[in-house]
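Shown below: protein12.csv, with CSV, C-alpha atoms and all ligand atoms.
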chain,number,residue,atom,x,y,z
J,8,MET,CA,0.0,0.0,0.0
J,9,GLU,CA,2.7,2.4,1.2
J,10,GLN,CA,4.9,1.3,-1.8
J,11,ALA,CA,2.0,1.8,-4.3
J,12,THR,CA,1.4,5.3,-3.0
J,13,ALA,CA,5.2,6.1,-3.2
J,14,GLN,CA,5.2,4.8,-6.7
J,15,LYS,CA,2.3,7.0,-7.7
J,16,SER,CA,3.8,10.1,-6.2
J,17,ALA,CA,7.1,9.3,-7.9
J,18,GLU,CA,5.3,9.1,-11.2
J,19,ALA,CA,3.5,12.4,-10.5
J,20,ILE,CA,6.9,14.0,-9.7
J,21,GLN,CA,8.4,12.9,-13.0
J,22,LEU,CA,11.8,12.1,-11.7
J,23,ALA,CA,14.8,12.4,-14.0
J,24,ASP,CA,15.3,9.6,-16.6
J,25,ALA,CA,18.8,9.0,-15.3
J,26,VAL,CA,17.4,8.1,-11.9
J,27,ASN,CA,14.6,6.1,-13.3
J,28,ARG,CA,17.1,4.0,-15.3
J,29,ILE,CA,18.7,2.6,-12.1
J,30,ASN,CA,17.6,0.5,-9.1
J,31,VAL,CA,18.3,0.5,-5.4
J,32,SER,CA,21.3,-1.8,-4.7
J,33,PRO,CA,19.8,-5.3,-4.1
J,34,THR,CA,22.5,-6.1,-1.6
J,35,MET,CA,21.3,-3.2,0.5
J,36,ALA,CA,17.8,-4.6,0.3
J,37,VAL,CA,19.0,-7.9,1.8
J,38,LEU,CA,20.7,-6.0,4.6
J,39,GLN,CA,17.4,-4.1,5.3
J,40,GLU,CA,15.3,-7.3,5.5
J,41,ALA,CA,17.8,-9.0,7.9
J,42,GLU,CA,17.9,-5.8,10.0
J,43,LYS,CA,14.1,-5.8,10.3
J,44,LEU,CA,14.2,-9.4,11.8
J,45,LYS,CA,17.1,-8.5,14.1
J,46,ALA,CA,15.1,-5.5,15.4
J,47,GLN,CA,12.4,-8.0,16.4
J,48,GLY,CA,14.9,-9.8,18.5
J,49,ILE,CA,15.3,-12.7,16.1
J,50,ASP,CA,18.7,-14.4,15.9
J,51,VAL,CA,19.7,-14.0,12.2
J,52,ALA,CA,22.7,-16.0,10.8
J,53,ASP,CA,23.8,-13.2,8.6
J,54,PHE,CA,25.9,-14.0,5.5
J,55,GLY,CA,24.8,-10.7,3.9
J,56,PRO,CA,27.2,-8.0,4.8
J,57,GLY,CA,29.9,-7.1,2.3
J,58,GLU,CA,32.0,-5.5,5.0
J,59,PRO,CA,34.7,-6.7,7.5
J,60,ASP,CA,33.4,-7.6,10.9
J,61,PHE,CA,36.7,-6.4,12.4
J,62,PRO,CA,37.0,-3.0,14.1
J,63,THR,CA,39.0,-0.2,12.3
J,64,PRO,CA,42.6,-0.6,13.4
J,65,GLU,CA,43.5,1.5,16.4
J,66,HIS,CA,46.2,3.6,14.8
J,67,ILE,CA,43.7,4.6,12.1
J,68,LYS,CA,41.1,5.6,14.6
J,69,ARG,CA,43.6,7.6,16.6
J,70,ALA,CA,44.5,9.5,13.4
J,71,VAL,CA,40.9,10.6,13.0
J,72,ILE,CA,40.7,11.8,16.6
J,73,LYS,CA,44.0,13.7,16.3
J,74,ALA,CA,42.8,15.4,13.1
J,75,LEU,CA,39.7,16.5,14.9
J,76,ASP,CA,41.8,17.8,17.8
J,77,ASP,CA,44.1,19.6,15.4
J,78,ASN,CA,41.0,21.3,13.9
J,79,LYS,CA,41.4,19.7,10.5
J,80,THR,CA,37.7,20.4,9.9
J,81,LYS,CA,37.7,22.8,7.0
J,82,TYR,CA,37.5,22.4,3.3
J,83,THR,CA,40.4,20.7,1.7
J,84,PRO,CA,41.4,20.6,-2.0
J,85,VAL,CA,38.6,18.9,-3.9
J,86,ALA,CA,41.0,16.1,-5.1
J,87,GLY,CA,42.2,15.4,-1.6
J,88,ILE,CA,45.1,16.8,0.5
J,89,LEU,CA,48.5,16.5,-1.4
J,90,PRO,CA,50.2,14.4,1.3
J,91,LEU,CA,47.4,11.8,1.0
J,92,ARG,CA,47.6,11.7,-2.8
J,93,GLN,CA,51.4,11.3,-2.5
J,94,ALA,CA,51.0,8.6,0.2
J,95,ILE,CA,48.5,6.7,-2.0
J,96,CYS,CA,51.0,6.7,-4.9
J,97,ASP,CA,53.8,5.6,-2.6
J,98,TRP,CA,51.7,2.8,-1.0
J,99,HIS,CA,50.5,1.6,-4.4
J,100,LYS,CA,54.1,1.5,-5.7
J,101,ALA,CA,55.4,-0.3,-2.7
J,102,GLN,CA,52.5,-2.8,-2.5
J,103,LEU,CA,51.6,-3.3,-6.1
J,104,GLU,CA,54.6,-2.0,-8.2
J,105,SER,CA,52.9,0.8,-10.0
J,106,SER,CA,54.3,4.3,-10.7
J,107,TYR,CA,51.9,7.2,-10.3
J,108,ALA,CA,52.4,10.8,-9.4
J,109,PRO,CA,50.0,12.8,-7.2
J,110,THR,CA,48.7,14.6,-10.2
J,111,GLU,CA,47.5,11.2,-11.4
J,112,CYS,CA,45.6,10.5,-8.2
J,113,VAL,CA,42.2,11.8,-7.0
J,114,VAL,CA,40.7,10.9,-3.6
J,115,ASN,CA,36.9,10.1,-3.4
J,116,VAL,CA,34.2,9.3,-0.9
J,117,GLY,CA,34.7,5.6,-1.1
J,118,GLY,CA,35.5,3.1,-3.9
J,119,LYS,CA,31.9,3.2,-5.1
J,120,HIS,CA,32.1,7.0,-5.6
J,121,ALA,CA,35.5,6.5,-7.3
J,122,ILE,CA,34.1,4.1,-9.9
J,123,PHE,CA,30.9,6.1,-10.3
J,124,ASN,CA,32.9,9.3,-11.1
J,125,ALA,CA,35.2,7.4,-13.5
J,126,VAL,CA,32.2,6.1,-15.4
J,127,CYS,CA,30.5,9.5,-15.4
J,128,ALA,CA,33.8,11.2,-16.6
J,129,LEU,CA,34.1,8.9,-19.7
J,130,ILE,CA,30.7,7.4,-20.7
J,131,ASN,CA,28.5,9.0,-23.2
J,132,PRO,CA,24.9,7.9,-24.1
J,133,GLY,CA,25.2,4.8,-26.2
J,134,ASP,CA,28.7,3.9,-25.2
J,135,GLU,CA,29.1,0.2,-24.3
J,136,VAL,CA,30.9,-0.9,-21.2
J,137,ILE,CA,31.9,-4.6,-20.9
J,138,ILE,CA,31.5,-6.1,-17.4
J,139,GLY,CA,32.6,-9.5,-16.3
J,140,ALA,CA,29.6,-11.6,-15.1
J,141,PRO,CA,28.8,-12.5,-12.3
J,142,TYR,CA,29.4,-8.8,-11.5
J,143,TRP,CA,29.3,-6.5,-8.5
J,144,VAL,CA,25.8,-5.1,-8.4
J,145,SER,CA,26.6,-1.5,-8.9
J,146,TYR,CA,28.5,-1.6,-12.2
J,147,PRO,CA,25.6,-2.0,-14.6
J,148,ASP,CA,23.5,0.7,-12.8
J,149,MET,CA,26.4,3.2,-12.8
J,150,VAL,CA,26.8,2.6,-16.6
J,151,LYS,CA,23.0,3.0,-17.1
J,152,TYR,CA,23.0,6.2,-15.0
J,153,ALA,CA,25.6,7.7,-17.4
J,154,GLY,CA,23.4,6.7,-20.4
J,155,GLY,CA,25.8,3.8,-21.4
J,156,VAL,CA,24.9,0.2,-22.2
J,157,PRO,CA,26.3,-2.6,-19.9
J,158,VAL,CA,27.4,-5.6,-21.9
J,159,PHE,CA,28.4,-8.8,-20.1
J,160,ALA,CA,31.4,-11.0,-20.6
J,161,GLU,CA,30.4,-14.4,-19.1
J,162,THR,CA,32.6,-16.4,-16.8
J,163,ARG,CA,31.9,-20.0,-15.9
J,164,GLU,CA,31.8,-22.0,-12.7
J,165,ASN,CA,33.8,-24.8,-14.3
J,166,ASP,CA,36.5,-22.2,-15.2
J,167,ALA,CA,36.6,-20.9,-11.6
J,168,PHE,CA,34.6,-17.8,-12.8
J,169,MET,CA,37.8,-16.5,-14.5
J,170,LEU,CA,37.3,-13.3,-16.6
J,171,ARG,CA,39.1,-14.1,-19.8
J,172,ALA,CA,40.3,-11.7,-22.6
J,173,SER,CA,38.9,-14.1,-25.2
J,174,GLU,CA,35.4,-13.7,-23.7
J,175,ILE,CA,35.8,-9.9,-23.5
J,176,GLU,CA,36.9,-9.8,-27.2
J,177,LYS,CA,33.8,-11.8,-28.2
J,178,VAL,CA,31.5,-9.0,-27.0
J,179,MET,CA,33.6,-6.0,-28.1
J,180,THR,CA,32.0,-3.8,-30.7
J,181,PRO,CA,33.0,-0.4,-32.2
J,182,LYS,CA,30.9,1.1,-29.5
J,183,THR,CA,32.9,-0.4,-26.6
J,184,LYS,CA,34.4,2.4,-24.5
J,185,MET,CA,35.4,0.6,-21.3
J,186,VAL,CA,36.0,-2.8,-19.8
J,187,ILE,CA,35.5,-3.2,-16.0
J,188,ALA,CA,37.6,-5.9,-14.4
J,189,ASN,CA,37.3,-6.8,-10.7
J,190,SER,CA,39.9,-9.0,-9.2
J,191,PRO,CA,39.5,-10.4,-6.6
J,192,SER,CA,35.8,-10.5,-7.6
J,193,ASN,CA,32.7,-9.7,-5.6
J,194,PRO,CA,30.7,-12.0,-5.7
J,195,THR,CA,32.7,-15.0,-6.9
J,196,GLY,CA,36.1,-14.5,-5.2
J,197,ALA,CA,37.8,-15.2,-8.6
J,198,VAL,CA,41.3,-13.8,-9.0
J,199,ILE,CA,42.6,-12.9,-12.5
J,200,PRO,CA,46.2,-14.3,-12.7
J,201,PRO,CA,48.8,-11.8,-14.0
J,202,ASN,CA,49.1,-13.5,-17.4
J,203,GLU,CA,45.4,-13.3,-18.1
J,204,PHE,CA,45.3,-9.7,-16.8
J,205,ALA,CA,48.2,-8.9,-19.3
J,206,ARG,CA,46.0,-10.3,-22.1
J,207,ILE,CA,43.1,-8.2,-21.1
J,208,GLU,CA,45.3,-5.1,-20.8
J,209,ASP,CA,46.8,-5.8,-24.2
J,210,LEU,CA,43.4,-6.3,-25.8
J,211,CYS,CA,42.1,-3.0,-24.4
J,212,LYS,CA,45.2,-1.1,-25.5
J,213,ARG,CA,45.0,-2.6,-29.0
J,214,ARG,CA,41.3,-1.7,-29.4
J,215,GLY,CA,41.6,1.8,-27.8
J,216,VAL,CA,39.3,0.9,-24.9
J,217,TRP,CA,39.6,2.0,-21.3
J,218,LEU,CA,40.3,-0.7,-18.7
J,219,LEU,CA,38.9,0.1,-15.3
J,220,SER,CA,40.4,-2.2,-12.7
J,221,ASP,CA,38.5,-2.3,-9.4
J,222,GLU,CA,41.1,-3.3,-6.7
J,223,CYS,CA,38.8,-3.1,-3.8
J,224,TYR,CA,39.8,-6.5,-2.4
J,225,SER,CA,43.4,-6.5,-3.7
J,226,HIS,CA,44.9,-7.5,-0.3
J,227,PHE,CA,42.6,-10.4,0.5
J,228,VAL,CA,44.0,-13.2,-1.6
J,229,TYR,CA,44.6,-16.9,-0.6
J,230,LYS,CA,47.0,-19.7,-1.2
J,231,ASP,CA,49.5,-18.9,-3.9
J,232,ALA,CA,47.8,-15.7,-5.1
J,233,LYS,CA,49.6,-12.5,-4.3
J,234,PRO,CA,48.2,-8.9,-4.4
J,235,PHE,CA,48.6,-7.8,-8.0
J,236,SER,CA,47.8,-4.7,-9.9
J,237,VAL,CA,47.5,-4.5,-13.7
J,238,ALA,CA,49.3,-1.1,-13.3
J,239,SER,CA,52.5,-3.0,-12.6
J,240,ILE,CA,52.5,-4.1,-16.3
J,241,PRO,CA,55.0,-1.8,-18.2
J,242,GLY,CA,53.3,0.5,-20.6
J,243,SER,CA,49.8,-0.1,-19.2
J,244,LYS,CA,49.0,3.3,-17.8
J,245,ASP,CA,47.7,5.2,-20.9
J,246,ARG,CA,44.4,3.3,-21.1
J,247,LEU,CA,44.1,2.2,-17.5
J,248,ILE,CA,42.1,3.5,-14.5
J,249,ILE,CA,42.7,2.0,-11.1
J,250,ALA,CA,39.9,2.3,-8.6
J,251,GLY,CA,40.9,1.7,-5.0
J,252,SER,CA,39.1,1.6,-1.7
J,253,PHE,CA,40.1,1.9,2.0
J,254,SER,CA,36.9,0.2,3.0
J,255,LYS,CA,37.7,-3.5,3.1
J,256,THR,CA,41.5,-3.5,3.3
J,257,PHE,CA,41.5,-1.3,6.4
J,258,ALA,CA,38.1,-2.2,7.8
J,259,MET,CA,36.8,1.3,7.5
J,260,THR,CA,33.6,1.0,5.3
J,261,GLY,CA,31.7,3.7,7.1
J,262,LEU,CA,34.4,6.3,7.0
J,263,ARG,CA,34.1,6.5,3.1
J,264,LEU,CA,37.4,6.8,1.4
J,265,GLY,CA,38.6,5.7,-2.0
J,266,TYR,CA,40.8,6.8,-4.8
J,267,ILE,CA,41.4,6.8,-8.6
J,268,LEU,CA,44.8,6.4,-10.2
J,269,ALA,CA,44.6,7.4,-13.9
J,270,PRO,CA,46.0,9.6,-16.6
J,271,LYS,CA,45.9,13.3,-15.5
J,272,PRO,CA,43.0,14.3,-17.9
J,273,ILE,CA,40.8,11.7,-16.3
J,274,VAL,CA,41.9,12.7,-12.8
J,275,ASP,CA,41.2,16.4,-13.6
J,276,ALA,CA,37.8,15.5,-15.0
J,277,ILE,CA,36.8,13.6,-11.8
J,278,ALA,CA,38.1,16.5,-9.7
J,279,LYS,CA,35.9,18.8,-11.8
J,280,LEU,CA,32.9,16.6,-11.2
J,281,GLN,CA,33.6,16.5,-7.5
J,282,SER,CA,34.0,20.3,-7.4
J,283,GLN,CA,30.4,20.5,-8.5
J,284,SER,CA,29.0,17.7,-6.4
J,285,THR,CA,30.7,16.3,-3.2
J,286,SER,CA,33.6,18.7,-2.9
J,287,ASN,CA,36.4,17.2,-0.9
J,288,PRO,CA,36.2,13.8,0.9
J,289,THR,CA,35.7,14.4,4.6
J,290,SER,CA,38.7,16.2,5.9
J,291,ILE,CA,39.4,14.2,9.1
J,292,ILE,CA,38.9,10.9,7.2
J,293,GLN,CA,41.6,11.9,4.8
J,294,TYR,CA,44.0,11.8,7.8
J,295,ALA,CA,42.8,8.3,8.6
J,296,GLY,CA,43.7,7.4,5.0
J,297,LEU,CA,47.1,9.0,5.4
J,298,GLU,CA,47.8,6.9,8.5
J,299,ALA,CA,46.5,3.7,6.7
J,300,MET,CA,48.9,4.4,3.8
J,301,ARG,CA,51.9,5.3,5.9
J,302,GLY,CA,51.4,3.0,8.9
J,303,SER,CA,51.8,-0.7,9.6
J,304,MET,CA,50.1,-3.3,7.5
J,305,ASP,CA,50.1,-5.8,10.4
J,306,SER,CA,46.3,-5.5,11.0
J,307,VAL,CA,45.6,-6.2,7.3
J,308,HIS,CA,47.7,-9.4,7.5
J,309,GLU,CA,45.9,-10.4,10.7
J,310,MET,CA,42.5,-10.0,9.0
J,311,LEU,CA,43.7,-12.0,6.0
J,312,THR,CA,44.8,-14.9,8.3
J,313,GLU,CA,41.4,-15.0,9.9
J,314,TYR,CA,39.6,-14.8,6.6
J,315,ALA,CA,41.7,-17.7,5.3
J,316,ARG,CA,40.6,-19.8,8.3
J,317,ARG,CA,36.9,-19.0,7.8
J,318,ARG,CA,37.2,-19.6,4.1
J,319,GLU,CA,38.3,-23.2,4.6
J,320,HIS,CA,35.6,-23.7,7.2
J,321,ILE,CA,32.6,-22.4,5.2
J,322,LEU,CA,33.9,-24.1,2.0
J,323,ASN,CA,34.1,-27.5,3.7
J,324,GLY,CA,30.7,-27.0,5.4
J,325,LEU,CA,28.9,-26.0,2.1
J,326,ARG,CA,30.5,-28.8,0.1
J,327,ALA,CA,29.2,-31.3,2.6
J,328,ILE,CA,25.6,-30.3,1.9
J,329,PRO,CA,24.2,-32.7,-0.8
J,330,GLY,CA,23.3,-31.0,-4.1
J,331,ILE,CA,25.6,-27.9,-3.5
J,332,THR,CA,28.7,-27.3,-5.5
J,333,CYS,CA,31.1,-24.5,-4.6
J,334,VAL,CA,34.2,-23.1,-6.3
J,335,ALA,CA,37.1,-22.3,-3.9
J,336,PRO,CA,37.3,-18.5,-3.9
J,337,MET,CA,40.9,-17.2,-4.4
J,338,GLY,CA,40.2,-13.8,-2.9
J,339,ALA,CA,37.8,-11.3,-1.2
J,340,PHE,CA,35.5,-12.8,1.6
J,341,TYR,CA,32.6,-14.4,-0.3
J,342,VAL,CA,31.7,-17.9,-1.3
J,343,PHE,CA,29.4,-18.4,-4.3
J,344,PRO,CA,27.7,-21.8,-4.1
J,345,ASN,CA,25.5,-23.3,-6.8
J,346,VAL,CA,22.2,-24.4,-5.3
J,347,SER,CA,20.2,-24.8,-8.5
J,348,ALA,CA,19.9,-28.6,-7.8
J,349,HIS,CA,17.5,-27.7,-5.0
J,350,PHE,CA,15.1,-25.7,-7.2
J,351,ASN,CA,11.5,-26.9,-7.3
J,352,PRO,CA,8.2,-25.4,-8.4
J,353,LYS,CA,7.8,-23.6,-5.1
J,354,MET,CA,11.4,-22.4,-5.1
J,355,PRO,CA,12.2,-21.9,-8.8
J,356,ASP,CA,15.1,-19.4,-8.4
J,357,THR,CA,17.7,-18.1,-5.9
J,358,THR,CA,15.5,-15.1,-5.1
J,359,ALA,CA,12.9,-17.6,-3.8
J,360,VAL,CA,15.7,-19.6,-2.0
J,361,ALA,CA,17.0,-16.5,-0.3
J,362,LYS,CA,13.5,-15.4,0.8
J,363,GLN,CA,12.6,-18.8,2.2
J,364,LEU,CA,16.0,-19.1,3.9
J,365,LEU,CA,15.3,-15.9,5.7
J,366,GLU,CA,11.7,-16.7,6.6
J,367,ARG,CA,12.2,-20.4,7.6
J,368,GLU,CA,15.7,-20.5,9.0
J,369,HIS,CA,16.6,-16.8,9.6
J,370,VAL,CA,19.6,-17.1,7.4
J,371,ALA,CA,20.5,-14.0,5.3
J,372,VAL,CA,22.2,-14.5,2.0
J,373,THR,CA,22.2,-12.6,-1.3
J,374,PRO,CA,20.5,-14.2,-4.3
J,375,GLY,CA,22.6,-14.7,-7.5
J,376,GLU,CA,20.1,-12.8,-9.6
J,377,ALA,CA,21.5,-9.6,-8.0
J,378,PHE,CA,24.9,-10.4,-9.6
J,379,GLY,CA,23.5,-11.6,-12.9
J,380,ALA,CA,24.0,-15.2,-11.9
J,381,PRO,CA,20.8,-17.1,-11.3
J,382,GLY,CA,21.4,-20.4,-9.5
J,383,TYR,CA,24.0,-19.1,-7.0
J,384,LEU,CA,23.9,-17.6,-3.6
J,385,ARG,CA,26.5,-15.2,-2.2
J,386,LEU,CA,27.6,-15.8,1.3
J,387,SER,CA,30.0,-13.4,3.1
J,388,TYR,CA,32.3,-15.0,5.6
J,389,ALA,CA,33.1,-11.7,7.2
J,390,THR,CA,31.6,-13.1,10.3
J,391,SER,CA,32.9,-15.3,13.2
J,392,ILE,CA,33.5,-19.0,13.0
J,393,ASP,CA,30.7,-19.6,15.5
J,394,ARG,CA,28.2,-17.7,13.4
J,395,ILE,CA,29.4,-19.5,10.3
J,396,ASP,CA,28.8,-22.8,12.1
J,397,GLU,CA,25.3,-21.7,13.2
J,398,GLY,CA,24.5,-20.7,9.6
J,399,LEU,CA,25.9,-23.9,8.2
J,400,ARG,CA,23.7,-25.9,10.6
J,401,ARG,CA,20.6,-24.0,9.4
J,402,LEU,CA,21.6,-24.3,5.7
J,403,THR,CA,22.1,-28.1,6.1
J,404,HIS,CA,18.6,-28.3,7.7
J,405,PHE,CA,17.0,-26.1,5.1
J,406,PHE,CA,18.5,-28.0,2.1
J,407,GLY,CA,17.7,-31.3,3.7
J,408,ASN,CA,14.1,-30.2,3.8
J,409,ALA,CA,13.9,-28.0,0.8
J,410,ALA,CA,11.1,-29.8,-1.1
J,501,LIG,C1,33.8,-5.0,-5.9
J,501,LIG,C2,33.6,-3.7,-5.1
J,501,LIG,N1,34.0,-2.6,-5.6
J,501,LIG,C3,33.8,-1.4,-4.9
J,501,LIG,C4,33.2,-1.4,-3.7
J,501,LIG,C5,33.0,-0.1,-3.0
J,501,LIG,O1,33.3,-0.1,-1.7
J,501,LIG,P1,33.4,1.3,-0.9
J,501,LIG,O2,32.5,2.3,-1.6
J,501,LIG,O3,32.9,1.0,0.5
J,501,LIG,O4,34.8,1.8,-0.9
J,501,LIG,C6,32.6,-2.6,-3.2
J,501,LIG,C7,31.9,-2.7,-1.9
J,501,LIG,O5,31.2,-3.6,-1.6
J,501,LIG,C8,32.8,-3.8,-3.9
J,501,LIG,O6,32.4,-5.0,-3.5
Conversion result in structure tokens:
Amino acid sequence: MEQATAQKSAEAIQLADAVNRINVSPTMAVLQEAEKLKAQGIDVADFGPGEPDFPTPEHIKRAVIKALDDNKTKYTPVAGILPLRQAICDWHKAQLESSYAPTECVVNVGGKHAIFNAVCALINPGDEVIIGAPYWVSYPDMVKYAGGVPVFAETRENDAFMLRASEIEKVMTPKTKMVIANSPSNPTGAVIPPNEFARIEDLCKRRGVWLLSDECYSHFVYKDAKPFSVASIPGSKDRLIIAGSFSKTFAMTGLRLGYILAPKPIVDAIAKLQSQSTSNPTSIIQYAGLEAMRGSMDSVHEMLTEYARRREHILNGLRAIPGITCVAPMGAFYVFPNVSAHFNPKMPDTTAVAKQLLEREHVAVTPGEAFGAPGYLRLSYATSIDRIDEGLRRLTHFFGNAA
């Protein structure tokens, strides 16, 4: 009723086409449903959140407090304070072997803002943007907002959801303006190995297409995988945009800080956009970022060790449930099991599975449809081993009685 009224008044208001082209993030919708149950005192096994359950490291928190005490509460340059832009370039060079100058760096209000601005700076109506599927929910909507057309390069479960240059090439057309690569991937956890990344980079360069590499989870990789940036490939910078985020690496999702590394004209265009929209990222949070870039990486390594333990645990638990297959994620903190063997007329897709899981077992997961991958569920293991165990118990019960 409320929704119908809201819909009617939205129609009467005649909202902008750009806003009508996009949807509210479906992962946010899952969070909201789980929160409603929690508010009623219900114990939810919550595999929804795409954010670390660890507190922000102490030294980063102290930097925010110090910045406040030092009265760093006024406007800063729109692209971020120079020491932070320099520190991002230095950190990226030391960690990921790139070579950027501060004039090629702009600081944004989170990784999402960074990617949104990069898309808005480059995409004209009708431009095609190739996105690896399954994809992070926001890419297609950002492209649509800019008037562009999202085009998907498929990845497959039996190929560990690897985004391949050959698949990208198949869907390239003269209208292709950009390719978005996300490694490690949300939702699949797939990591593009350096040799495949080199092929993607080479393809984009040859075809005069921009490569936007989303490095949000760069430091959460498992087994033999090492943090890697395509910016370390010699000669890659001309057609490359790196999007980075402090959110996951430094467990500071709510503080909102991200960055773009790109050729100066792109950086300047994004700064221009910010000068007419957000202005500078929050002043005191830039000092948190400065501390994150200059300080110890110990807390990042500690988080990685714990994620690795949880990854093994949840993977073993899921694979023990009859009818579920699950690729071992090589990065990020998500597993992406295939549950399609459990579909039935009352539960024909993963949206229905997720709904019933929440209603019957109070387990929150994100359905694969949100990521362009019907048949799969995304479970975040950014939650304690105890909660993972509780969730696995409920999942086992649910899929044992799914009919
Ligand atoms: C793949 C990917 N990129 C970018 C982001 C943006 O993160 P933030 O805006 O918090 O920096 C996220 C957050 O979930 C993500 O999963």
Exercise for the section: Can you pull out every residue within 9 Å of Thr80 (chain J), counting all atoms listed in the file, but drop anything in the same chain fewer than 4 positions away, and send it as a PyMOL selection string? Expected result: chain J and resi 74-75+289-291
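Our summary of the geometry notes that CA of Asp356 (chain J) is positioned 23.0 Å from atom O6 of ligand LIG 501 (chain J).
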Exercise for the section: Would you kindly identify which residues have an atom no farther than 12 Å from (39.8, -18.1, 4.4), using only C-alpha atoms and the file's own coordinates, and write them out as a PyMOL selection string? Expected result: chain J and resi 196+227-230+309-323+335-342+387-392
Would you output that residue set with C-alpha atoms, as a PDB file, in the frame of the given file?
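Contents of part.pdb, freshly written:
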ATOM      1  CA  GLY J 196      36.100 -14.500  -5.200  1.00  0.00           C
ATOM      2  CA  PHE J 227      42.600 -10.400   0.500  1.00  0.00           C
ATOM      3  CA  VAL J 228      44.000 -13.200  -1.600  1.00  0.00           C
ATOM      4  CA  TYR J 229      44.600 -16.900  -0.600  1.00  0.00           C
ATOM      5  CA  LYS J 230      47.000 -19.700  -1.200  1.00  0.00           C
ATOM      6  CA  GLU J 309      45.900 -10.400  10.700  1.00  0.00           C
ATOM      7  CA  MET J 310      42.500 -10.000   9.000  1.00  0.00           C
ATOM      8  CA  LEU J 311      43.700 -12.000   6.000  1.00  0.00           C
ATOM      9  CA  THR J 312      44.800 -14.900   8.300  1.00  0.00           C
ATOM     10  CA  GLU J 313      41.400 -15.000   9.900  1.00  0.00           C
ATOM     11  CA  TYR J 314      39.600 -14.800   6.600  1.00  0.00           C
ATOM     12  CA  ALA J 315      41.700 -17.700   5.300  1.00  0.00           C
ATOM     13  CA  ARG J 316      40.600 -19.800   8.300  1.00  0.00           C
ATOM     14  CA  ARG J 317      36.900 -19.000   7.800  1.00  0.00           C
ATOM     15  CA  ARG J 318      37.200 -19.600   4.100  1.00  0.00           C
ATOM     16  CA  GLU J 319      38.300 -23.200   4.600  1.00  0.00           C
ATOM     17  CA  HIS J 320      35.600 -23.700   7.200  1.00  0.00           C
ATOM     18  CA  ILE J 321      32.600 -22.400   5.200  1.00  0.00           C
ATOM     19  CA  LEU J 322      33.900 -24.100   2.000  1.00  0.00           C
ATOM     20  CA  ASN J 323      34.100 -27.500   3.700  1.00  0.00           C
ATOM     21  CA  ALA J 335      37.100 -22.300  -3.900  1.00  0.00           C
ATOM     22  CA  PRO J 336      37.300 -18.500  -3.900  1.00  0.00           C
ATOM     23  CA  MET J 337      40.900 -17.200  -4.400  1.00  0.00           C
ATOM     24  CA  GLY J 338      40.200 -13.800  -2.900  1.00  0.00           C
ATOM     25  CA  ALA J 339      37.800 -11.300  -1.200  1.00  0.00           C
ATOM     26  CA  PHE J 340      35.500 -12.800   1.600  1.00  0.00           C
ATOM     27  CA  TYR J 341      32.600 -14.400  -0.300  1.00  0.00           C
ATOM     28  CA  VAL J 342      31.700 -17.900  -1.300  1.00  0.00           C
ATOM     29  CA  SER J 387      30.000 -13.400   3.100  1.00  0.00           C
ATOM     30  CA  TYR J 388      32.300 -15.000   5.600  1.00  0.00           C
ATOM     31  CA  ALA J 389      33.100 -11.700   7.200  1.00  0.00           C
ATOM     32  CA  THR J 390      31.600 -13.100  10.300  1.00  0.00           C
ATOM     33  CA  SER J 391      32.900 -15.300  13.200  1.00  0.00           C
ATOM     34  CA  ILE J 392      33.500 -19.000  13.000  1.00  0.00           C
TER      35      ILE J 392
END
Exercise for the section: Taking only C-alpha atoms and all ligand atoms into account, report as a PyMOL selection string which residues have an atom no farther than 9 Å from an atom of ligand LIG 501 (chain J). Expected result: chain J and resi 56-58+115-122+142-146+189-194+221-224+250-255+259-266+339
Kindly provide, as a JSON list (two decimals) with C-alpha atoms, keeping the file's coordinate frame, the polymer residues lying within 12 Å of (15.3, -29.4, 2.1), counting all atoms listed in the file and using the coordinates exactly as they appear in the file.
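Now in part-v2.json:
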[["chain", "number", "residue", "atom", "x", "y", "z"],
["J", 328, "ILE", "CA", 25.60, -30.30, 1.90],
["J", 329, "PRO", "CA", 24.20, -32.70, -0.80],
["J", 330, "GLY", "CA", 23.30, -31.00, -4.10],
["J", 331, "ILE", "CA", 25.60, -27.90, -3.50],
["J", 346, "VAL", "CA", 22.20, -24.40, -5.30],
["J", 348, "ALA", "CA", 19.90, -28.60, -7.80],
["J", 349, "HIS", "CA", 17.50, -27.70, -5.00],
["J", 350, "PHE", "CA", 15.10, -25.70, -7.20],
["J", 351, "ASN", "CA", 11.50, -26.90, -7.30],
["J", 353, "LYS", "CA", 7.80, -23.60, -5.10],
["J", 354, "MET", "CA", 11.40, -22.40, -5.10],
["J", 360, "VAL", "CA", 15.70, -19.60, -2.00],
["J", 363, "GLN", "CA", 12.60, -18.80, 2.20],
["J", 364, "LEU", "CA", 16.00, -19.10, 3.90],
["J", 367, "ARG", "CA", 12.20, -20.40, 7.60],
["J", 368, "GLU", "CA", 15.70, -20.50, 9.00],
["J", 401, "ARG", "CA", 20.60, -24.00, 9.40],
["J", 402, "LEU", "CA", 21.60, -24.30, 5.70],
["J", 403, "THR", "CA", 22.10, -28.10, 6.10],
["J", 404, "HIS", "CA", 18.60, -28.30, 7.70],
["J", 405, "PHE", "CA", 17.00, -26.10, 5.10],
["J", 406, "PHE", "CA", 18.50, -28.00, 2.10],
["J", 407, "GLY", "CA", 17.70, -31.30, 3.70],
["J", 408, "ASN", "CA", 14.10, -30.20, 3.80],
["J", 409, "ALA", "CA", 13.90, -28.00, 0.80],
["J", 410, "ALA", "CA", 11.10, -29.80, -1.10]]
Problem - Residue nearest Val158 (chain J) among J:Gly379, J:Leu325, J:Asp24, J:Val237 (counting only C-alpha atoms) - result: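 The answer is J:Gly379, which sits nearest to Val158 (chain J).
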